[in-house]
Amino acid sequence: MQLQFYKYQGTGNDFVLIDNRSNFFPKENTQHIAHLCDRRFGIGGDGLILLENDPVTDFKMVYYNSDGNQSSMCGNGGRCLVAFAKKLQVIENKATFIATDGLHHATIDDDGLVSLQMIDVDAVKVSTDHVFLDTGSPHHVQLVDDLENYNIKENGAAIRYGDLYEKAGSNINFVKQIDDATFSMRTYERGVEDETLSCGTGATAVAIAMNVIGKTNATSIDLNVEGGKLVVSFDKGEGKFTNVFLKGPAEFVFKGTIII
């Protein structure tokens with residue numbers, strides 16, 4: 001079968017995007033999905049996303065990790081899908097869509113900056129050396145001293161596969177504070193099983209975690225990721241974070257066809 005695909009990236013988090021509104025894509029074939037995401041034998045990407053019809057919203061997001069398995073919410077992937085939907089003329093500058101974690105609202109401006117509403121967060125677990133929360137995907141957040149030289153893959157994998165999170169695992173974020181409202185971060189992503197250049201749900205988790213533990217009082221926080229910059233904003237009240245938005249660029253890279 002000849003497959004038309006589109007490649008998008010959001011701060012270096014890159015995805016294979018497919019218009020599956022006709023439901024032609026063989027979603028049950030995890031090997032095909034993993035092959036498409038393979039950087040040597042396929043197209044290459046941190047994940048694969050299908051844009052599908054939805055009876056209530058503008059479209060449905062179906063997300064797969066690069067290992068071929070369907071996964072939890074991907075923030076940068078969601079932002080890229082909004083840009084893709086605009087390219088397909090499914091939307092203009094506003095979107096509502098359904099994903100595995102529920103309903104999302106988004107806007108995209110003329111410069112390609114996408115602001116995506118994330119889920120509300122009301123459960124943040126603070127431990128001695130880390131914070132754990134779910135922002136659509138599970139995230140471990142930990143401050144480290146030498147972020148630039150920290151072995152993300154080795155240390156991230158040790159925590160991801162360790163006793164703390166057992167079989168389900170977690171995404172692992174390592175963080176350094178820059179100023180009152182700016183943090184640098186690097187992320188080990190489960191499903192990719194390596195460091196990625198950016199993680200949207202991870203950036204959201206870092207921003208909320210740093211607010212919870214008192215590293216910042218800001219409700220709009222700048223995140224330096226390896227692939228660029230993201231902004232996370234939210235409203236905070238009575239232990240709950242609402243109106244959580246992830247904002248950053250989502251860029252079309254190229255399109256093509258491949259035989260699967």
# chains A, B, ... in the order shown; residues from 1 in each chain; ligands from 1
>>> select_by_dssp(residues="stretch 89-175 of chain A", states="strand (DSSP E or B)", output="ChimeraX atom specification")
/A:94-99,102-108,113-117,121,124-126,131-134,138-143,171-175
>>> closest_atom_pairs(of="stretch 207-234 of chain A", to="stretch 117-120 of chain A", cutoff="10 Å", atoms="only C-alpha atoms", output="tab-separated table")
residue	atom	partner	partner_atom	distance
A:Val232	CA	A:Met118	CA	9.7
A:Ser233	CA	A:Gln117	CA	9.6
A:Phe234	CA	A:Asp120	CA	9.2
>>> closest_residue(among="A:Gly75, A:Gly42, A:Pro138, A:Gly102", to="A:Pro249", atoms="only C-alpha atoms")
A:Gly75
>>> atom_distance(atom1="atom CA of A:Thr216", atom2="atom CA of A:Thr135")
18.7 Å
>>> residues_around(residues="stretch 61-70 of chain A", least_positions_apart="4", cutoff="6 Å", atoms="only C-alpha atoms", output="PyMOL selection string")
chain A and resi 30+33-34+37+46-51+99+191-192
>>> atom_distance(atom1="atom CA of A:Ala209", atom2="atom CA of A:Ser115")
20.1 Å
>>> closest_atom_pairs(of="stretch 180-249 of chain A", to="stretch 167-170 of chain A", cutoff="12 Å", atoms="only C-alpha atoms", output="Markdown table")
| residue | atom | partner | partner_atom | distance |
| --- | --- | --- | --- | --- |
| A:Thr187 | CA | A:Ser170 | CA | 10.8 |
| A:Tyr188 | CA | A:Ser170 | CA | 9.0 |
| A:Glu189 | CA | A:Ser170 | CA | 7.8 |
| A:Arg190 | CA | A:Ser170 | CA | 6.4 |
| A:Gly191 | CA | A:Ser170 | CA | 9.6 |
| A:Val192 | CA | A:Ser170 | CA | 11.6 |
| A:Glu193 | CA | A:Ser170 | CA | 10.5 |
| A:Thr201 | CA | A:Ser170 | CA | 11.8 |
| A:Gly202 | CA | A:Ser170 | CA | 10.6 |
>>> select_by_dssp(residues="stretch 152-207 of chain A", states="alpha helix (DSSP H)", output="MDAnalysis selection string")
chainID A and resid 152:160 200:207
>>> write_last_selection(atoms="N, CA, C and O atoms", output="mmCIF file, in the first residue's frame")
data_model
loop_
_atom_site.group_PDB
_atom_site.id
_atom_site.type_symbol
_atom_site.label_atom_id
_atom_site.label_comp_id
_atom_site.auth_asym_id
_atom_site.auth_seq_id
_atom_site.Cartn_x
_atom_site.Cartn_y
_atom_site.Cartn_z
ATOM 1 N N ILE A 152 21.057 11.770 30.519
ATOM 2 C CA ILE A 152 19.597 11.683 30.530
ATOM 3 C C ILE A 152 19.137 10.259 30.237
ATOM 4 O O ILE A 152 18.237 9.734 30.915
ATOM 5 N N LYS A 153 19.723 9.638 29.227
ATOM 6 C CA LYS A 153 19.260 8.300 28.840
ATOM 7 C C LYS A 153 19.511 7.280 29.950
ATOM 8 O O LYS A 153 18.626 6.504 30.312
ATOM 9 N N GLU A 154 20.698 7.289 30.511
ATOM 10 C CA GLU A 154 21.039 6.295 31.544
ATOM 11 C C GLU A 154 20.235 6.527 32.816
ATOM 12 O O GLU A 154 19.626 5.604 33.369
ATOM 13 N N ASN A 155 20.215 7.765 33.295
ATOM 14 C CA ASN A 155 19.505 8.052 34.546
ATOM 15 C C ASN A 155 17.991 8.019 34.368
ATOM 16 O O ASN A 155 17.260 7.585 35.261
ATOM 17 N N GLY A 156 17.524 8.464 33.205
ATOM 18 C CA GLY A 156 16.097 8.413 32.937
ATOM 19 C C GLY A 156 15.579 6.992 32.866
ATOM 20 O O GLY A 156 14.527 6.659 33.438
ATOM 21 N N ALA A 157 16.324 6.127 32.182
ATOM 22 C CA ALA A 157 15.915 4.722 32.063
ATOM 23 C C ALA A 157 15.915 4.034 33.427
ATOM 24 O O ALA A 157 15.036 3.209 33.718
ATOM 25 N N ALA A 158 16.892 4.369 34.265
ATOM 26 C CA ALA A 158 16.973 3.748 35.587
ATOM 27 C C ALA A 158 15.729 4.058 36.422
ATOM 28 O O ALA A 158 15.208 3.189 37.143
ATOM 29 N N ILE A 159 15.229 5.276 36.316
ATOM 30 C CA ILE A 159 14.022 5.655 37.061
ATOM 31 C C ILE A 159 12.779 5.092 36.381
ATOM 32 O O ILE A 159 11.881 4.551 37.027
ATOM 33 N N ARG A 160 12.728 5.185 35.059
ATOM 34 C CA ARG A 160 11.566 4.725 34.299
ATOM 35 C C ARG A 160 11.306 3.237 34.519
ATOM 36 O O ARG A 160 10.164 2.799 34.633
ATOM 37 N N GLY A 200 5.920 18.088 25.357
ATOM 38 C CA GLY A 200 4.912 19.064 25.734
ATOM 39 C C GLY A 200 4.230 18.779 27.055
ATOM 40 O O GLY A 200 4.074 19.677 27.893
ATOM 41 N N THR A 201 3.803 17.527 27.252
ATOM 42 C CA THR A 201 3.202 17.186 28.547
ATOM 43 C C THR A 201 4.253 17.272 29.649
ATOM 44 O O THR A 201 3.931 17.596 30.795
ATOM 45 N N GLY A 202 5.526 17.027 29.290
ATOM 46 C CA GLY A 202 6.608 17.174 30.257
ATOM 47 C C GLY A 202 6.837 18.614 30.649
ATOM 48 O O GLY A 202 7.024 18.935 31.826
ATOM 49 N N ALA A 203 6.818 19.515 29.674
ATOM 50 C CA ALA A 203 6.964 20.945 29.969
ATOM 51 C C ALA A 203 5.832 21.420 30.863
ATOM 52 O O ALA A 203 6.045 22.195 31.805
ATOM 53 N N THR A 204 4.620 20.937 30.580
ATOM 54 C CA THR A 204 3.466 21.281 31.408
ATOM 55 C C THR A 204 3.667 20.782 32.834
ATOM 56 O O THR A 204 3.400 21.505 33.810
ATOM 57 N N ALA A 205 4.161 19.560 32.957
ATOM 58 C CA ALA A 205 4.400 18.975 34.273
ATOM 59 C C ALA A 205 5.474 19.733 35.038
ATOM 60 O O ALA A 205 5.341 19.984 36.249
ATOM 61 N N VAL A 206 6.537 20.120 34.357
ATOM 62 C CA VAL A 206 7.627 20.858 35.011
ATOM 63 C C VAL A 206 7.121 22.200 35.528
ATOM 64 O O VAL A 206 7.408 22.588 36.669
ATOM 65 N N ALA A 207 6.374 22.920 34.703
ATOM 66 C CA ALA A 207 5.873 24.232 35.115
ATOM 67 C C ALA A 207 5.004 24.123 36.365
ATOM 68 O O ALA A 207 5.176 24.888 37.331
#
>>> atom_distance(atom1="atom CA of A:Ala106", atom2="atom CA of A:Lys240")
20.9 Å
>>> residues_around(residues="A:His104", least_positions_apart="6", cutoff="12 Å", atoms="only C-alpha atoms", output="compact mmCIF listing (two decimals) with all heavy atoms, in the first residue's frame")
# COMPACT_ATOMS: atom_id res chain seq x y z
N THR A 57 -16.48 16.89 17.72
CA THR A 57 -15.44 17.92 17.63
C THR A 57 -14.92 18.04 16.21
O THR A 57 -15.39 17.36 15.29
CB THR A 57 -14.27 17.58 18.58
OG1 THR A 57 -13.63 16.38 18.12
CG2 THR A 57 -14.77 17.38 20.00
N ASP A 58 -13.93 18.89 16.02
CA ASP A 58 -13.37 19.09 14.67
C ASP A 58 -12.64 17.86 14.16
O ASP A 58 -12.65 17.58 12.96
CB ASP A 58 -12.40 20.29 14.68
CG ASP A 58 -13.12 21.61 14.89
OD1 ASP A 58 -14.19 21.80 14.29
OD2 ASP A 58 -12.62 22.43 15.68
N PHE A 59 -11.98 17.14 15.05
CA PHE A 59 -11.27 15.92 14.65
C PHE A 59 -10.87 15.13 15.89
O PHE A 59 -10.99 15.61 17.03
CB PHE A 59 -10.03 16.24 13.80
CG PHE A 59 -9.06 17.21 14.42
CD1 PHE A 59 -8.06 16.78 15.27
CD2 PHE A 59 -9.15 18.57 14.15
CE1 PHE A 59 -7.16 17.67 15.84
CE2 PHE A 59 -8.26 19.47 14.70
CZ PHE A 59 -7.26 19.02 15.55
N LYS A 60 -10.38 13.94 15.65
CA LYS A 60 -9.91 13.06 16.71
C LYS A 60 -8.40 12.84 16.53
O LYS A 60 -7.92 12.70 15.41
CB LYS A 60 -10.63 11.71 16.65
CG LYS A 60 -10.19 10.70 17.70
CD LYS A 60 -10.96 9.39 17.54
CE LYS A 60 -10.53 8.37 18.58
NZ LYS A 60 -11.26 7.07 18.40
N MET A 61 -7.69 12.81 17.64
CA MET A 61 -6.25 12.55 17.64
C MET A 61 -5.99 11.14 18.14
O MET A 61 -6.41 10.77 19.24
CB MET A 61 -5.53 13.56 18.56
CG MET A 61 -4.06 13.28 18.77
SD MET A 61 -3.34 14.49 19.95
CE MET A 61 -1.63 13.91 20.00
N MET A 73 -1.57 11.01 26.06
CA MET A 73 -1.54 12.29 25.37
C MET A 73 -0.12 12.78 25.10
O MET A 73 0.80 12.58 25.91
CB MET A 73 -2.29 13.34 26.21
CG MET A 73 -2.34 14.73 25.59
SD MET A 73 -3.10 14.71 23.95
CE MET A 73 -2.90 16.42 23.46
N CYS A 74 0.05 13.43 23.97
CA CYS A 74 1.31 14.06 23.59
C CYS A 74 1.03 15.53 23.29
O CYS A 74 0.30 15.85 22.34
CB CYS A 74 1.90 13.37 22.37
SG CYS A 74 3.40 14.14 21.74
N GLY A 75 1.58 16.43 24.11
CA GLY A 75 1.29 17.85 23.97
C GLY A 75 1.82 18.47 22.69
O GLY A 75 1.10 19.15 21.96
N GLY A 78 -0.09 17.10 19.81
CA GLY A 78 -1.39 17.75 19.69
C GLY A 78 -1.27 19.10 19.00
O GLY A 78 -2.11 19.47 18.16
N ARG A 79 -0.22 19.85 19.33
CA ARG A 79 -0.01 21.15 18.70
C ARG A 79 0.29 20.98 17.20
O ARG A 79 -0.22 21.72 16.37
CB ARG A 79 1.11 21.92 19.39
CG ARG A 79 0.76 22.32 20.82
CD ARG A 79 1.76 23.29 21.44
NE ARG A 79 3.13 22.85 21.33
CZ ARG A 79 3.98 23.26 20.40
NH1 ARG A 79 3.60 24.14 19.50
NH2 ARG A 79 5.22 22.81 20.37
N LEU A 81 -0.70 18.52 15.36
CA LEU A 81 -1.92 18.06 14.71
C LEU A 81 -2.86 19.22 14.41
O LEU A 81 -3.56 19.23 13.39
CB LEU A 81 -2.63 17.02 15.57
CG LEU A 81 -3.74 16.22 14.88
CD1 LEU A 81 -3.18 15.39 13.73
CD2 LEU A 81 -4.47 15.33 15.87
N VAL A 82 -2.88 20.22 15.28
CA VAL A 82 -3.68 21.42 15.02
C VAL A 82 -3.17 22.13 13.77
O VAL A 82 -3.95 22.56 12.89
CB VAL A 82 -3.65 22.36 16.24
CG1 VAL A 82 -4.28 23.71 15.90
CG2 VAL A 82 -4.38 21.72 17.42
N LYS A 94 -9.04 28.11 15.00
CA LYS A 94 -9.46 27.55 16.28
C LYS A 94 -9.85 26.09 16.08
O LYS A 94 -10.34 25.73 15.01
CB LYS A 94 -10.65 28.33 16.85
CG LYS A 94 -10.33 29.76 17.23
CD LYS A 94 -11.56 30.44 17.83
CE LYS A 94 -11.25 31.88 18.23
NZ LYS A 94 -12.45 32.55 18.82
N ALA A 95 -9.65 25.30 17.12
CA ALA A 95 -9.96 23.88 17.02
C ALA A 95 -10.44 23.33 18.35
O ALA A 95 -10.01 23.78 19.43
CB ALA A 95 -8.73 23.09 16.57
N THR A 96 -11.32 22.36 18.26
CA THR A 96 -11.61 21.48 19.39
C THR A 96 -11.39 20.07 18.88
O THR A 96 -11.79 19.74 17.75
CB THR A 96 -13.05 21.64 19.91
OG1 THR A 96 -13.97 21.32 18.86
CG2 THR A 96 -13.31 23.05 20.41
N PHE A 97 -10.73 19.26 19.67
CA PHE A 97 -10.52 17.88 19.25
C PHE A 97 -10.51 16.95 20.46
O PHE A 97 -10.30 17.39 21.60
CB PHE A 97 -9.24 17.73 18.43
CG PHE A 97 -7.95 17.95 19.18
CD1 PHE A 97 -7.27 16.90 19.78
CD2 PHE A 97 -7.39 19.22 19.24
CE1 PHE A 97 -6.07 17.11 20.45
CE2 PHE A 97 -6.18 19.45 19.90
CZ PHE A 97 -5.53 18.37 20.51
N ILE A 98 -10.73 15.70 20.19
CA ILE A 98 -10.76 14.69 21.23
C ILE A 98 -9.49 13.86 21.16
O ILE A 98 -9.03 13.50 20.07
CB ILE A 98 -12.02 13.80 21.11
CG1 ILE A 98 -12.27 13.03 22.40
CG2 ILE A 98 -11.97 12.90 19.89
CD1 ILE A 98 -12.85 13.87 23.51
N SER A 115 -1.40 27.36 20.64
CA SER A 115 -1.70 27.35 22.07
C SER A 115 -2.73 26.26 22.31
O SER A 115 -3.85 26.33 21.80
CB SER A 115 -2.24 28.71 22.51
OG SER A 115 -2.49 28.73 23.90
N LEU A 116 -2.36 25.26 23.08
CA LEU A 116 -3.18 24.07 23.30
C LEU A 116 -3.58 23.96 24.76
O LEU A 116 -2.72 23.97 25.65
CB LEU A 116 -2.39 22.82 22.89
CG LEU A 116 -3.01 21.46 23.21
CD1 LEU A 116 -4.30 21.26 22.44
CD2 LEU A 116 -2.01 20.34 22.90
N GLN A 117 -4.89 23.86 24.99
CA GLN A 117 -5.36 23.67 26.36
C GLN A 117 -5.14 22.22 26.78
O GLN A 117 -5.59 21.29 26.10
CB GLN A 117 -6.83 24.04 26.50
CG GLN A 117 -7.31 23.99 27.95
CD GLN A 117 -8.72 24.53 28.11
OE1 GLN A 117 -9.51 24.55 27.18
NE2 GLN A 117 -9.05 24.95 29.32
N MET A 118 -4.47 22.05 27.91
CA MET A 118 -4.20 20.74 28.46
C MET A 118 -5.25 20.41 29.52
O MET A 118 -6.08 21.25 29.89
CB MET A 118 -2.79 20.71 29.06
CG MET A 118 -1.71 21.19 28.11
SD MET A 118 -1.51 20.13 26.65
CE MET A 118 -0.63 18.75 27.40
N ILE A 119 -5.22 19.20 30.05
CA ILE A 119 -6.20 18.82 31.07
C ILE A 119 -5.93 19.55 32.38
O ILE A 119 -4.80 19.99 32.65
CB ILE A 119 -6.19 17.29 31.32
CG1 ILE A 119 -4.83 16.82 31.87
CG2 ILE A 119 -6.54 16.53 30.05
CD1 ILE A 119 -4.83 15.39 32.39
N ASP A 120 -6.97 19.69 33.19
CA ASP A 120 -6.79 20.22 34.55
C ASP A 120 -5.97 19.23 35.37
O ASP A 120 -6.02 18.01 35.15
CB ASP A 120 -8.14 20.42 35.23
CG ASP A 120 -8.97 21.51 34.57
OD1 ASP A 120 -8.42 22.29 33.77
OD2 ASP A 120 -10.19 21.57 34.86
N GLY A 136 -1.82 14.42 31.29
CA GLY A 136 -2.25 13.73 30.08
C GLY A 136 -1.38 12.52 29.84
O GLY A 136 -1.78 11.54 29.21
N ASN A 243 -7.32 25.89 33.27
CA ASN A 243 -6.93 26.74 32.13
C ASN A 243 -5.44 26.60 31.84
O ASN A 243 -4.72 27.59 31.67
CB ASN A 243 -7.29 28.20 32.39
CG ASN A 243 -8.79 28.42 32.47
OD1 ASN A 243 -9.54 27.87 31.66
ND2 ASN A 243 -9.23 29.20 33.45
N VAL A 244 -4.99 25.36 31.79
CA VAL A 244 -3.59 25.05 31.53
C VAL A 244 -3.35 25.09 30.01
O VAL A 244 -4.01 24.37 29.26
CB VAL A 244 -3.22 23.67 32.09
CG1 VAL A 244 -1.74 23.38 31.84
CG2 VAL A 244 -3.55 23.58 33.57
N PHE A 245 -2.42 25.93 29.59
CA PHE A 245 -2.14 26.07 28.16
C PHE A 245 -0.65 25.85 27.88
O PHE A 245 0.21 26.36 28.60
CB PHE A 245 -2.55 27.44 27.64
CG PHE A 245 -4.03 27.56 27.39
CD1 PHE A 245 -4.88 27.97 28.41
CD2 PHE A 245 -4.56 27.24 26.15
CE1 PHE A 245 -6.24 28.08 28.19
CE2 PHE A 245 -5.93 27.35 25.92
CZ PHE A 245 -6.78 27.76 26.94
N LEU A 246 -0.39 25.10 26.82
CA LEU A 246 0.96 24.86 26.31
C LEU A 246 1.08 25.59 24.98
O LEU A 246 0.29 25.34 24.06
CB LEU A 246 1.18 23.36 26.12
CG LEU A 246 2.45 22.94 25.38
CD1 LEU A 246 3.69 23.20 26.24
CD2 LEU A 246 2.37 21.46 24.99
>>> closest_residue(among="A:Met1, A:Ala181, A:Leu113, A:Cys199", to="A:Phe252", atoms="only C-alpha atoms")
A:Leu113
>>> closest_residue(among="A:Phe174, A:Tyr8, A:Tyr161, A:Phe132", to="A:Cys80", atoms="only C-alpha atoms")
A:Tyr8
>>> decode(residues="stretch 18-43 of chain A", atoms="N, CA, C and O atoms", output="mmCIF file, in the first residue's frame")
data_model
loop_
_atom_site.group_PDB
_atom_site.id
_atom_site.type_symbol
_atom_site.label_atom_id
_atom_site.label_comp_id
_atom_site.auth_asym_id
_atom_site.auth_seq_id
_atom_site.Cartn_x
_atom_site.Cartn_y
_atom_site.Cartn_z
ATOM 1 N N ILE A 18 -0.723 11.551 9.583
ATOM 2 C CA ILE A 18 -1.475 10.908 8.500
ATOM 3 C C ILE A 18 -2.943 11.310 8.583
ATOM 4 O O ILE A 18 -3.544 11.272 9.664
ATOM 5 N N ASP A 19 -3.489 11.683 7.449
ATOM 6 C CA ASP A 19 -4.917 12.002 7.340
ATOM 7 C C ASP A 19 -5.677 10.680 7.219
ATOM 8 O O ASP A 19 -5.690 10.048 6.159
ATOM 9 N N ASN A 20 -6.297 10.260 8.305
ATOM 10 C CA ASN A 20 -6.998 8.967 8.329
ATOM 11 C C ASN A 20 -8.510 9.154 8.426
ATOM 12 O O ASN A 20 -9.215 8.320 9.001
ATOM 13 N N ARG A 21 -9.015 10.211 7.840
ATOM 14 C CA ARG A 21 -10.456 10.452 7.906
ATOM 15 C C ARG A 21 -11.253 9.404 7.130
ATOM 16 O O ARG A 21 -12.439 9.218 7.396
ATOM 17 N N SER A 22 -10.599 8.684 6.218
ATOM 18 C CA SER A 22 -11.279 7.596 5.498
ATOM 19 C C SER A 22 -11.044 6.235 6.159
ATOM 20 O O SER A 22 -11.480 5.206 5.642
ATOM 21 N N ASN A 23 -10.347 6.226 7.292
ATOM 22 C CA ASN A 23 -10.116 4.999 8.074
ATOM 23 C C ASN A 23 -9.431 3.886 7.271
ATOM 24 O O ASN A 23 -9.755 2.708 7.414
ATOM 25 N N PHE A 24 -8.458 4.271 6.469
ATOM 26 C CA PHE A 24 -7.746 3.278 5.665
ATOM 27 C C PHE A 24 -6.517 2.711 6.377
ATOM 28 O O PHE A 24 -6.022 1.647 6.023
ATOM 29 N N PHE A 25 -6.027 3.414 7.386
ATOM 30 C CA PHE A 25 -4.729 3.058 7.971
ATOM 31 C C PHE A 25 -4.841 1.798 8.831
ATOM 32 O O PHE A 25 -5.760 1.685 9.645
ATOM 33 N N PRO A 26 -3.900 0.835 8.687
ATOM 34 C CA PRO A 26 -3.935 -0.412 9.471
ATOM 35 C C PRO A 26 -3.448 -0.194 10.914
ATOM 36 O O PRO A 26 -2.308 -0.499 11.263
ATOM 37 N N LYS A 27 -4.324 0.298 11.750
ATOM 38 C CA LYS A 27 -3.937 0.717 13.103
ATOM 39 C C LYS A 27 -3.501 -0.431 13.996
ATOM 40 O O LYS A 27 -2.791 -0.216 14.977
ATOM 41 N N GLU A 28 -3.930 -1.643 13.685
ATOM 42 C CA GLU A 28 -3.586 -2.779 14.545
ATOM 43 C C GLU A 28 -2.167 -3.288 14.303
ATOM 44 O O GLU A 28 -1.645 -4.092 15.086
ATOM 45 N N ASN A 29 -1.507 -2.800 13.257
ATOM 46 C CA ASN A 29 -0.187 -3.310 12.894
ATOM 47 C C ASN A 29 0.906 -2.449 13.538
ATOM 48 O O ASN A 29 1.370 -1.465 12.957
ATOM 49 N N THR A 30 1.304 -2.814 14.747
ATOM 50 C CA THR A 30 2.312 -2.041 15.476
ATOM 51 C C THR A 30 3.671 -2.064 14.776
ATOM 52 O O THR A 30 4.434 -1.098 14.878
ATOM 53 N N GLN A 31 3.971 -3.156 14.061
ATOM 54 C CA GLN A 31 5.256 -3.232 13.360
ATOM 55 C C GLN A 31 5.337 -2.192 12.249
ATOM 56 O O GLN A 31 6.392 -1.582 12.041
ATOM 57 N N HIS A 32 4.242 -1.991 11.523
ATOM 58 C CA HIS A 32 4.225 -0.972 10.481
ATOM 59 C C HIS A 32 4.452 0.411 11.080
ATOM 60 O O HIS A 32 5.199 1.229 10.534
ATOM 61 N N ILE A 33 3.787 0.682 12.209
ATOM 62 C CA ILE A 33 3.912 1.997 12.842
ATOM 63 C C ILE A 33 5.337 2.229 13.318
ATOM 64 O O ILE A 33 5.920 3.293 13.096
ATOM 65 N N ALA A 34 5.919 1.213 13.960
ATOM 66 C CA ALA A 34 7.308 1.324 14.411
ATOM 67 C C ALA A 34 8.253 1.522 13.234
ATOM 68 O O ALA A 34 9.224 2.292 13.319
ATOM 69 N N HIS A 35 7.979 0.846 12.135
ATOM 70 C CA HIS A 35 8.825 0.990 10.940
ATOM 71 C C HIS A 35 8.748 2.409 10.384
ATOM 72 O O HIS A 35 9.767 3.006 10.012
ATOM 73 N N LEU A 36 7.549 2.969 10.326
ATOM 74 C CA LEU A 36 7.389 4.332 9.819
ATOM 75 C C LEU A 36 8.144 5.343 10.680
ATOM 76 O O LEU A 36 8.672 6.335 10.168
ATOM 77 N N CYS A 37 8.209 5.088 11.985
ATOM 78 C CA CYS A 37 8.909 5.996 12.905
ATOM 79 C C CYS A 37 10.414 5.760 12.952
ATOM 80 O O CYS A 37 11.144 6.565 13.537
ATOM 81 N N ASP A 38 10.871 4.665 12.365
ATOM 82 C CA ASP A 38 12.301 4.327 12.412
ATOM 83 C C ASP A 38 13.107 5.336 11.601
ATOM 84 O O ASP A 38 12.798 5.629 10.446
ATOM 85 N N ARG A 39 14.175 5.865 12.206
ATOM 86 C CA ARG A 39 14.953 6.931 11.564
ATOM 87 C C ARG A 39 15.933 6.400 10.520
ATOM 88 O O ARG A 39 16.483 7.185 9.743
ATOM 89 N N ARG A 40 16.142 5.106 10.476
ATOM 90 C CA ARG A 40 17.060 4.524 9.491
ATOM 91 C C ARG A 40 16.312 3.809 8.363
ATOM 92 O O ARG A 40 16.701 3.905 7.204
ATOM 93 N N PHE A 41 15.270 3.091 8.700
ATOM 94 C CA PHE A 41 14.567 2.287 7.702
ATOM 95 C C PHE A 41 13.195 2.842 7.318
ATOM 96 O O PHE A 41 12.561 2.323 6.392
ATOM 97 N N GLY A 42 12.745 3.879 8.011
ATOM 98 C CA GLY A 42 11.441 4.456 7.715
ATOM 99 C C GLY A 42 11.526 5.952 7.493
ATOM 100 O O GLY A 42 12.523 6.462 6.972
ATOM 101 N N ILE A 43 10.487 6.658 7.916
ATOM 102 C CA ILE A 43 10.450 8.112 7.776
ATOM 103 C C ILE A 43 11.227 8.772 8.904
ATOM 104 O O ILE A 43 12.016 9.687 8.690
#
